[in-house]
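One structure is given here, and the rest of the page talks about it.
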Amino acid sequence: MPNDPAAIEVRDLVKRYAKSNVNAVDGVTFSVRPGEIFGLLGPNGAGKTTTIGVLITSVLPTSGSAAIMGLDVARDPIAIKQRIAVVPQQSNLDRSLRVREILTFHAAYHGVPHREREQRADALLDELGLGDRKNDRVARYSGGMSQRLMIARALMHAPDVLFLDEPTNNLDPQSRLFLWDRIRALNAQGLTILLTTHDMSEADQLCGRIAIMDKGRILVNDTSAELKKLIPGGNAVELRVSLPAPDAGALVLQSLRGLAGVNKVDELDAGAPAEPDDEIGVVAYRLYAEKAPALVGPATEAVLRAGAQVRDLHVKQPSLEDVFIYLTGRHLR
Amino acid sequence: MTPARHTNRLWLAANDFGATLRRDLVVTRRELPQFLVQALIQPMFFLLIFCKILPSIGLAAGNFAALLLPGIVGLTELMAAIQGITLPLVLDLGYAREIDDRLLAPMPVWLVAAEKVLFAALRGMVAGSVIFPAAWWVLGSRYAVRGDRIGVLIGMIVLAAFAGSGIGLVIGTVVKPEQISLMFSVILTPLLFTGCTYYPWGALSGIRWFQVITLFNPLTYAAEGLRYAMVPPIHGHAMPTLPMPWVLLALAATLVLCFTFGARTFRSRVVS
């Protein structure tokens, strides 16, 4: 065992459920460093839930291995349970208990001494903005409050690794921003976080590294910035041009294609104005290039040379969603 | 802020078991009136109709109360124990998943099932015990329980409750939420009527096929064992019941088999 084990280490993990003839997880390998926020993305049925199931000891691996803080998940589930916490997508809060009791009982299940769990419960409820609603019944809690409560509960036994499954799904923007801040703050305190989400901006905002899974395999695993480079010509300049005459478009196109560094020029929405009140004669183009920002000046000049005028110009960065769709395809699951 | 991690597994398991049981007791204490009403309403009506009304209009013998009361205690216990574990498990494993909190606690999974069984058995014992003062109140002068087999009575109440919660564990881990209403009619109703609750086993000797059927129902053994402990001797003769060794063996076997099988199905429901 290395001196400083990875927070999560998954090697050649395979899971085939009984009565299934395909592997739900089909040879997955990745590791998460302590203190990292790692995103696991993928379409429904990609194998994310099963992978996490193995890590949280609710799924037994068919082959391969998974370890948390250097401890094998299948061999010592009890030691694993002491080190992890899980915030599921749907509330599994104990509805028979009061809010504060949910936290204190959770800590009691983990052997946290009485005084300490009482103090921690109050501190965490305050920290997550639930301090004035701590004697409520969960039934009276909104979706956002339940989500915050589940995070508070997860932190009661001071885990090393936190599993967050779609933490801000169905939440209002205020709750979402609040949770993002909390997640960053927890991470800053050293907590390792494995996040699954369908919200690409969430992954982009929070995750240091992102793995995209499909059909039981990890397709890519890198930082958001590196993943965006995967899209060929994903970097582009988009400009809207007003033409002096309807047939001037060909000249503009020719002029743009002649620019150094341009790989390809597409004419967008030809004929149809982008906005209803657009004047006739406005055409949009997209220029693909390795270094799109460098084309801003030359492209403007090229348009002017062709006798047309630039109405709008911006550099388009590929989004994580573009990468996701590029890798996993558009078809529905 | 990081708490010291317990490395003593035995201590940890015992602590978790205790905390889980405490949780169930806290919740039950809050709904105690509800629980008692639920446990008492049906047996009270049984006693009222069969032991007071029917004898008064000449449709049942006056001493029927002495025979019926042990049956009612057994039935109430078993049903309370089964309901104390089955319904929560069906809902929890089906979709509520509130139990996840305990499944993620650092204790073996089978221990979570064991706690459920113990807790449901405690509910059964309480439900069975409160029948006595209730029956005394309803039956008045017809209340007749022998007092010289109190040790056997306590033992029977405990054993019957555990057998019931064992059965409840199996049902709770096998039945899916959409089958709940089916469960009541297909499993609980036959259990209710073939369990020698309303008739002593010995009296069935003329209907041999039915007498044999009743032997497959754990409730039969609970009811007969309770009759042995409770029915006062008539003219110096103790009431004949199923032999006690068979009663004890059948109830112990029910508990062991149900728990072994139920703990396995429980595990397969929570670890795939």
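Letters A, B, ... mark the chains of the structure tokens in the order given; residue numbers begin at 1 per chain; ligand numbers begin at 1, in order shown.
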Close residues, range 233-245 of chain A itself excluded, 8 Å, only C-alpha atoms, min 3 positions apart in chain, as a tab-separated table (two decimals) with N, CA, C and O atoms, in the first residue's frame:
```
chain	number	residue	atom	x	y	z
A	228	LYS	N	-12.75	19.85	-23.27
A	228	LYS	CA	-13.32	20.71	-24.31
A	228	LYS	C	-12.44	20.74	-25.56
A	228	LYS	O	-12.92	21.05	-26.65
A	229	LYS	N	-11.19	20.42	-25.37
A	229	LYS	CA	-10.30	20.39	-26.52
A	229	LYS	C	-10.53	19.15	-27.39
A	229	LYS	O	-9.97	19.04	-28.48
A	230	LEU	N	-11.32	18.21	-26.85
A	230	LEU	CA	-11.54	16.97	-27.59
A	230	LEU	C	-12.39	17.20	-28.84
A	230	LEU	O	-12.34	16.42	-29.78
A	248	ALA	N	-24.23	39.55	-52.09
A	248	ALA	CA	-22.87	39.84	-51.62
A	248	ALA	C	-22.32	38.75	-50.71
A	248	ALA	O	-21.14	38.76	-50.37
A	249	GLY	N	-23.19	37.81	-50.32
A	249	GLY	CA	-22.79	36.77	-49.38
A	249	GLY	C	-21.62	35.94	-49.88
A	249	GLY	O	-20.70	35.61	-49.11
A	263	ASN	N	-10.05	26.81	-40.46
A	263	ASN	CA	-10.19	25.44	-40.98
A	263	ASN	C	-11.42	25.30	-41.85
A	263	ASN	O	-11.43	24.57	-42.83
A	281	GLY	N	-31.11	40.58	-45.07
A	281	GLY	CA	-29.74	40.79	-45.51
A	281	GLY	C	-28.71	40.58	-44.43
A	281	GLY	O	-27.55	40.87	-44.61
A	282	VAL	N	-29.14	40.07	-43.26
A	282	VAL	CA	-28.16	39.75	-42.21
A	282	VAL	C	-27.90	38.25	-42.23
A	282	VAL	O	-28.81	37.45	-42.20
A	283	VAL	N	-26.62	37.91	-42.33
A	283	VAL	CA	-26.23	36.50	-42.44
A	283	VAL	C	-25.24	36.19	-41.32
A	283	VAL	O	-24.47	37.06	-40.92
A	284	ALA	N	-25.33	34.97	-40.80
A	284	ALA	CA	-24.40	34.58	-39.73
A	284	ALA	C	-23.42	33.53	-40.25
A	284	ALA	O	-23.78	32.67	-41.05
A	285	TYR	N	-22.18	33.64	-39.80
A	285	TYR	CA	-21.15	32.67	-40.19
A	285	TYR	C	-20.47	32.12	-38.95
A	285	TYR	O	-20.37	32.80	-37.93
A	286	ARG	N	-19.98	30.90	-39.08
A	286	ARG	CA	-19.15	30.34	-38.01
A	286	ARG	C	-17.80	29.92	-38.59
A	286	ARG	O	-17.75	29.16	-39.55
A	287	LEU	N	-16.72	30.45	-38.00
A	287	LEU	CA	-15.37	30.15	-38.46
A	287	LEU	C	-14.70	29.21	-37.46
A	287	LEU	O	-14.53	29.56	-36.29
A	288	TYR	N	-14.34	28.02	-37.92
A	288	TYR	CA	-13.63	27.08	-37.04
A	288	TYR	C	-12.13	27.30	-37.18
A	288	TYR	O	-11.63	27.45	-38.29
A	289	ALA	N	-11.45	27.31	-36.02
A	289	ALA	CA	-10.00	27.53	-36.06
A	289	ALA	C	-9.39	26.98	-34.79
A	289	ALA	O	-10.07	26.81	-33.78
A	290	GLU	N	-8.11	26.68	-34.82
A	290	GLU	CA	-7.43	26.21	-33.62
A	290	GLU	C	-7.36	27.33	-32.60
A	290	GLU	O	-7.56	27.12	-31.41
A	291	LYS	N	-7.06	28.55	-33.08
A	291	LYS	CA	-6.95	29.68	-32.17
A	291	LYS	C	-7.98	30.74	-32.56
A	291	LYS	O	-7.66	31.75	-33.18
A	292	ALA	N	-9.20	30.48	-32.18
A	292	ALA	CA	-10.29	31.35	-32.60
A	292	ALA	C	-10.14	32.81	-32.16
A	292	ALA	O	-10.39	33.72	-32.96
A	293	PRO	N	-9.73	33.05	-30.89
A	293	PRO	CA	-9.67	34.46	-30.46
A	293	PRO	C	-8.78	35.32	-31.35
A	293	PRO	O	-9.05	36.51	-31.56
A	295	LEU	N	-8.64	35.37	-34.41
A	295	LEU	CA	-9.30	35.69	-35.69
A	295	LEU	C	-10.23	36.88	-35.60
A	295	LEU	O	-10.79	37.31	-36.61
A	296	VAL	N	-10.44	37.40	-34.38
A	296	VAL	CA	-11.43	38.48	-34.21
A	296	VAL	C	-11.11	39.66	-35.11
A	296	VAL	O	-11.96	40.13	-35.88
A	303	VAL	N	-14.54	41.05	-43.51
A	303	VAL	CA	-15.93	41.41	-43.80
A	303	VAL	C	-16.00	42.80	-44.41
A	303	VAL	O	-16.70	43.04	-45.41
A	307	GLY	N	-17.09	44.55	-48.36
A	307	GLY	CA	-18.11	45.57	-48.50
A	307	GLY	C	-19.30	45.38	-47.57
A	307	GLY	O	-20.32	46.05	-47.72
A	308	ALA	N	-19.19	44.47	-46.61
A	308	ALA	CA	-20.30	44.24	-45.68
A	308	ALA	C	-19.95	44.79	-44.30
A	308	ALA	O	-18.83	45.30	-44.11
A	309	GLN	N	-20.92	44.73	-43.38
A	309	GLN	CA	-20.66	45.27	-42.04
A	309	GLN	C	-20.90	44.20	-40.96
A	309	GLN	O	-21.85	43.41	-41.05
A	310	VAL	N	-20.03	44.22	-39.93
A	310	VAL	CA	-20.19	43.28	-38.82
A	310	VAL	C	-21.23	43.82	-37.85
A	310	VAL	O	-21.16	44.96	-37.40
A	311	ARG	N	-22.26	43.03	-37.56
A	311	ARG	CA	-23.29	43.45	-36.61
A	311	ARG	C	-23.02	42.90	-35.22
A	311	ARG	O	-23.43	43.48	-34.21
A	312	ASP	N	-22.39	41.72	-35.18
A	312	ASP	CA	-22.15	41.07	-33.88
A	312	ASP	C	-21.05	40.04	-34.08
A	312	ASP	O	-20.98	39.41	-35.14
A	313	LEU	N	-20.19	39.93	-33.06
A	313	LEU	CA	-19.11	38.96	-33.20
A	313	LEU	C	-18.78	38.40	-31.82
A	313	LEU	O	-18.68	39.14	-30.84
A	314	HIS	N	-18.65	37.07	-31.72
A	314	HIS	CA	-18.16	36.53	-30.45
A	314	HIS	C	-17.40	35.23	-30.67
A	314	HIS	O	-17.62	34.52	-31.66
A	315	VAL	N	-16.51	34.95	-29.70
A	315	VAL	CA	-15.75	33.71	-29.75
A	315	VAL	C	-16.56	32.64	-29.01
A	315	VAL	O	-17.01	32.85	-27.89
A	316	LYS	N	-16.78	31.53	-29.70
A	316	LYS	CA	-17.62	30.48	-29.11
A	316	LYS	C	-16.72	29.39	-28.53
A	316	LYS	O	-15.90	28.80	-29.23
A	317	GLN	N	-16.89	29.13	-27.21
A	317	GLN	CA	-16.16	28.03	-26.57
A	317	GLN	C	-17.07	26.82	-26.56
A	317	GLN	O	-18.26	26.95	-26.31
A	318	PRO	N	-16.54	25.63	-26.75
A	318	PRO	CA	-17.39	24.46	-26.63
A	318	PRO	C	-17.80	24.30	-25.17
A	318	PRO	O	-17.01	24.56	-24.27
```
Output as a VMD selection string the set of chain B residues within 12 Å of chain A, with distances taken over only C-alpha atoms. chain B and resid 1 to 31 88 91 to 109 112 267 to 272
Which residues are close to Gln119 in chain A, i.e. within 10 Å by only C-alpha atoms, leaving aside same-chain residues fewer than 5 positions away? Reply as a PyMOL selection string. chain A and resi 104+114+124
DSSP on the backbone, then: every residue of range 65-134 of chain A marked helix (DSSP H, G or I), written as an NGL selection string. :A and (77-83 or 99-109 or 114-127 or 131-133)
Requested write-out: N, CA and C atoms of the selected residues, as a compact mmCIF listing (two decimals), in the first residue's frame:
```
# COMPACT_ATOMS: atom_id res chain seq x y z
N PRO A 77 -16.36 -3.80 4.28
CA PRO A 77 -17.41 -2.79 4.11
C PRO A 77 -17.63 -1.93 5.36
N ILE A 78 -17.40 -2.52 6.53
CA ILE A 78 -17.69 -1.76 7.75
C ILE A 78 -16.70 -0.60 7.92
N ALA A 79 -15.42 -0.85 7.62
CA ALA A 79 -14.44 0.23 7.69
C ALA A 79 -14.76 1.30 6.63
N ILE A 80 -15.25 0.87 5.47
CA ILE A 80 -15.62 1.82 4.41
C ILE A 80 -16.75 2.72 4.89
N LYS A 81 -17.77 2.08 5.51
CA LYS A 81 -18.93 2.86 5.94
C LYS A 81 -18.56 3.94 6.96
N GLN A 82 -17.48 3.71 7.70
CA GLN A 82 -17.04 4.74 8.65
C GLN A 82 -16.44 5.94 7.95
N ARG A 83 -15.97 5.72 6.71
CA ARG A 83 -15.21 6.79 6.03
C ARG A 83 -15.98 7.51 4.94
N VAL A 99 -36.17 16.88 12.68
CA VAL A 99 -34.99 17.25 11.90
C VAL A 99 -33.68 17.05 12.66
N ARG A 100 -33.65 17.59 13.86
CA ARG A 100 -32.40 17.52 14.62
C ARG A 100 -32.07 16.08 15.00
N GLU A 101 -33.10 15.33 15.31
CA GLU A 101 -32.89 13.92 15.67
C GLU A 101 -32.30 13.12 14.51
N ILE A 102 -32.68 13.49 13.30
CA ILE A 102 -32.13 12.79 12.14
C ILE A 102 -30.61 12.86 12.19
N LEU A 103 -30.10 14.03 12.55
CA LEU A 103 -28.66 14.20 12.62
C LEU A 103 -28.06 13.47 13.83
N THR A 104 -28.71 13.60 14.98
CA THR A 104 -28.10 13.01 16.18
C THR A 104 -28.15 11.47 16.11
N PHE A 105 -29.25 10.93 15.59
CA PHE A 105 -29.30 9.48 15.47
C PHE A 105 -28.29 8.98 14.44
N HIS A 106 -28.16 9.71 13.35
CA HIS A 106 -27.16 9.30 12.34
C HIS A 106 -25.78 9.21 12.99
N ALA A 107 -25.45 10.22 13.77
CA ALA A 107 -24.15 10.22 14.44
C ALA A 107 -24.06 9.08 15.45
N ALA A 108 -25.18 8.81 16.13
CA ALA A 108 -25.18 7.70 17.09
C ALA A 108 -24.92 6.38 16.39
N TYR A 109 -25.51 6.20 15.20
CA TYR A 109 -25.26 4.97 14.44
C TYR A 109 -23.77 4.83 14.13
N HIS A 114 -22.23 11.25 22.73
CA HIS A 114 -23.44 12.05 22.90
C HIS A 114 -23.22 13.56 22.79
N ARG A 115 -22.30 14.08 23.62
CA ARG A 115 -22.07 15.53 23.63
C ARG A 115 -21.64 16.04 22.27
N GLU A 116 -20.72 15.28 21.67
CA GLU A 116 -20.17 15.71 20.39
C GLU A 116 -21.25 15.74 19.32
N ARG A 117 -22.14 14.76 19.33
CA ARG A 117 -23.16 14.75 18.28
C ARG A 117 -24.18 15.87 18.45
N GLU A 118 -24.45 16.21 19.72
CA GLU A 118 -25.37 17.32 19.96
C GLU A 118 -24.77 18.62 19.43
N GLN A 119 -23.49 18.84 19.74
CA GLN A 119 -22.82 20.07 19.29
C GLN A 119 -22.72 20.13 17.77
N ARG A 120 -22.33 19.00 17.18
CA ARG A 120 -22.18 18.96 15.73
C ARG A 120 -23.49 19.21 15.02
N ALA A 121 -24.57 18.64 15.57
CA ALA A 121 -25.89 18.80 14.94
C ALA A 121 -26.25 20.28 14.88
N ASP A 122 -26.08 20.98 16.02
CA ASP A 122 -26.41 22.41 16.03
C ASP A 122 -25.53 23.20 15.08
N ALA A 123 -24.23 22.88 15.11
CA ALA A 123 -23.30 23.62 14.25
C ALA A 123 -23.64 23.42 12.77
N LEU A 124 -23.92 22.18 12.40
CA LEU A 124 -24.19 21.90 10.99
C LEU A 124 -25.53 22.46 10.53
N LEU A 125 -26.51 22.43 11.42
CA LEU A 125 -27.81 22.99 11.05
C LEU A 125 -27.68 24.49 10.80
N ASP A 126 -26.88 25.16 11.65
CA ASP A 126 -26.65 26.59 11.44
C ASP A 126 -25.90 26.82 10.13
N GLU A 127 -24.87 26.00 9.93
CA GLU A 127 -24.03 26.17 8.76
C GLU A 127 -24.83 26.01 7.47
N GLY A 131 -30.90 26.35 11.03
CA GLY A 131 -30.87 26.52 12.48
C GLY A 131 -32.21 26.85 13.09
N ASP A 132 -33.05 27.62 12.39
CA ASP A 132 -34.32 28.01 12.99
C ASP A 132 -35.45 27.03 12.68
N ARG A 133 -35.13 25.97 11.97
CA ARG A 133 -36.18 24.98 11.66
C ARG A 133 -35.77 23.60 12.14
```
What is the CA of Arg209 in chain A-CA of Asp222 in chain A distance in Å, reported with one decimal?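 Here the two named atoms are 5.1 Å from each other.
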Where does DSSP see strand (DSSP E) in range 158-319 of chain A, if you list the residues as a PyMOL selection string? chain A and resi 161-165+192-196+209-214+217-222+236-242+262-268+282-289+309-316
Between B:Trp246, B:Phe210, B:Phe193, B:Phe259, which residue has the minimum interatomic distance to Glu224 in chain B, considering only C-alpha atoms? B:Trp246
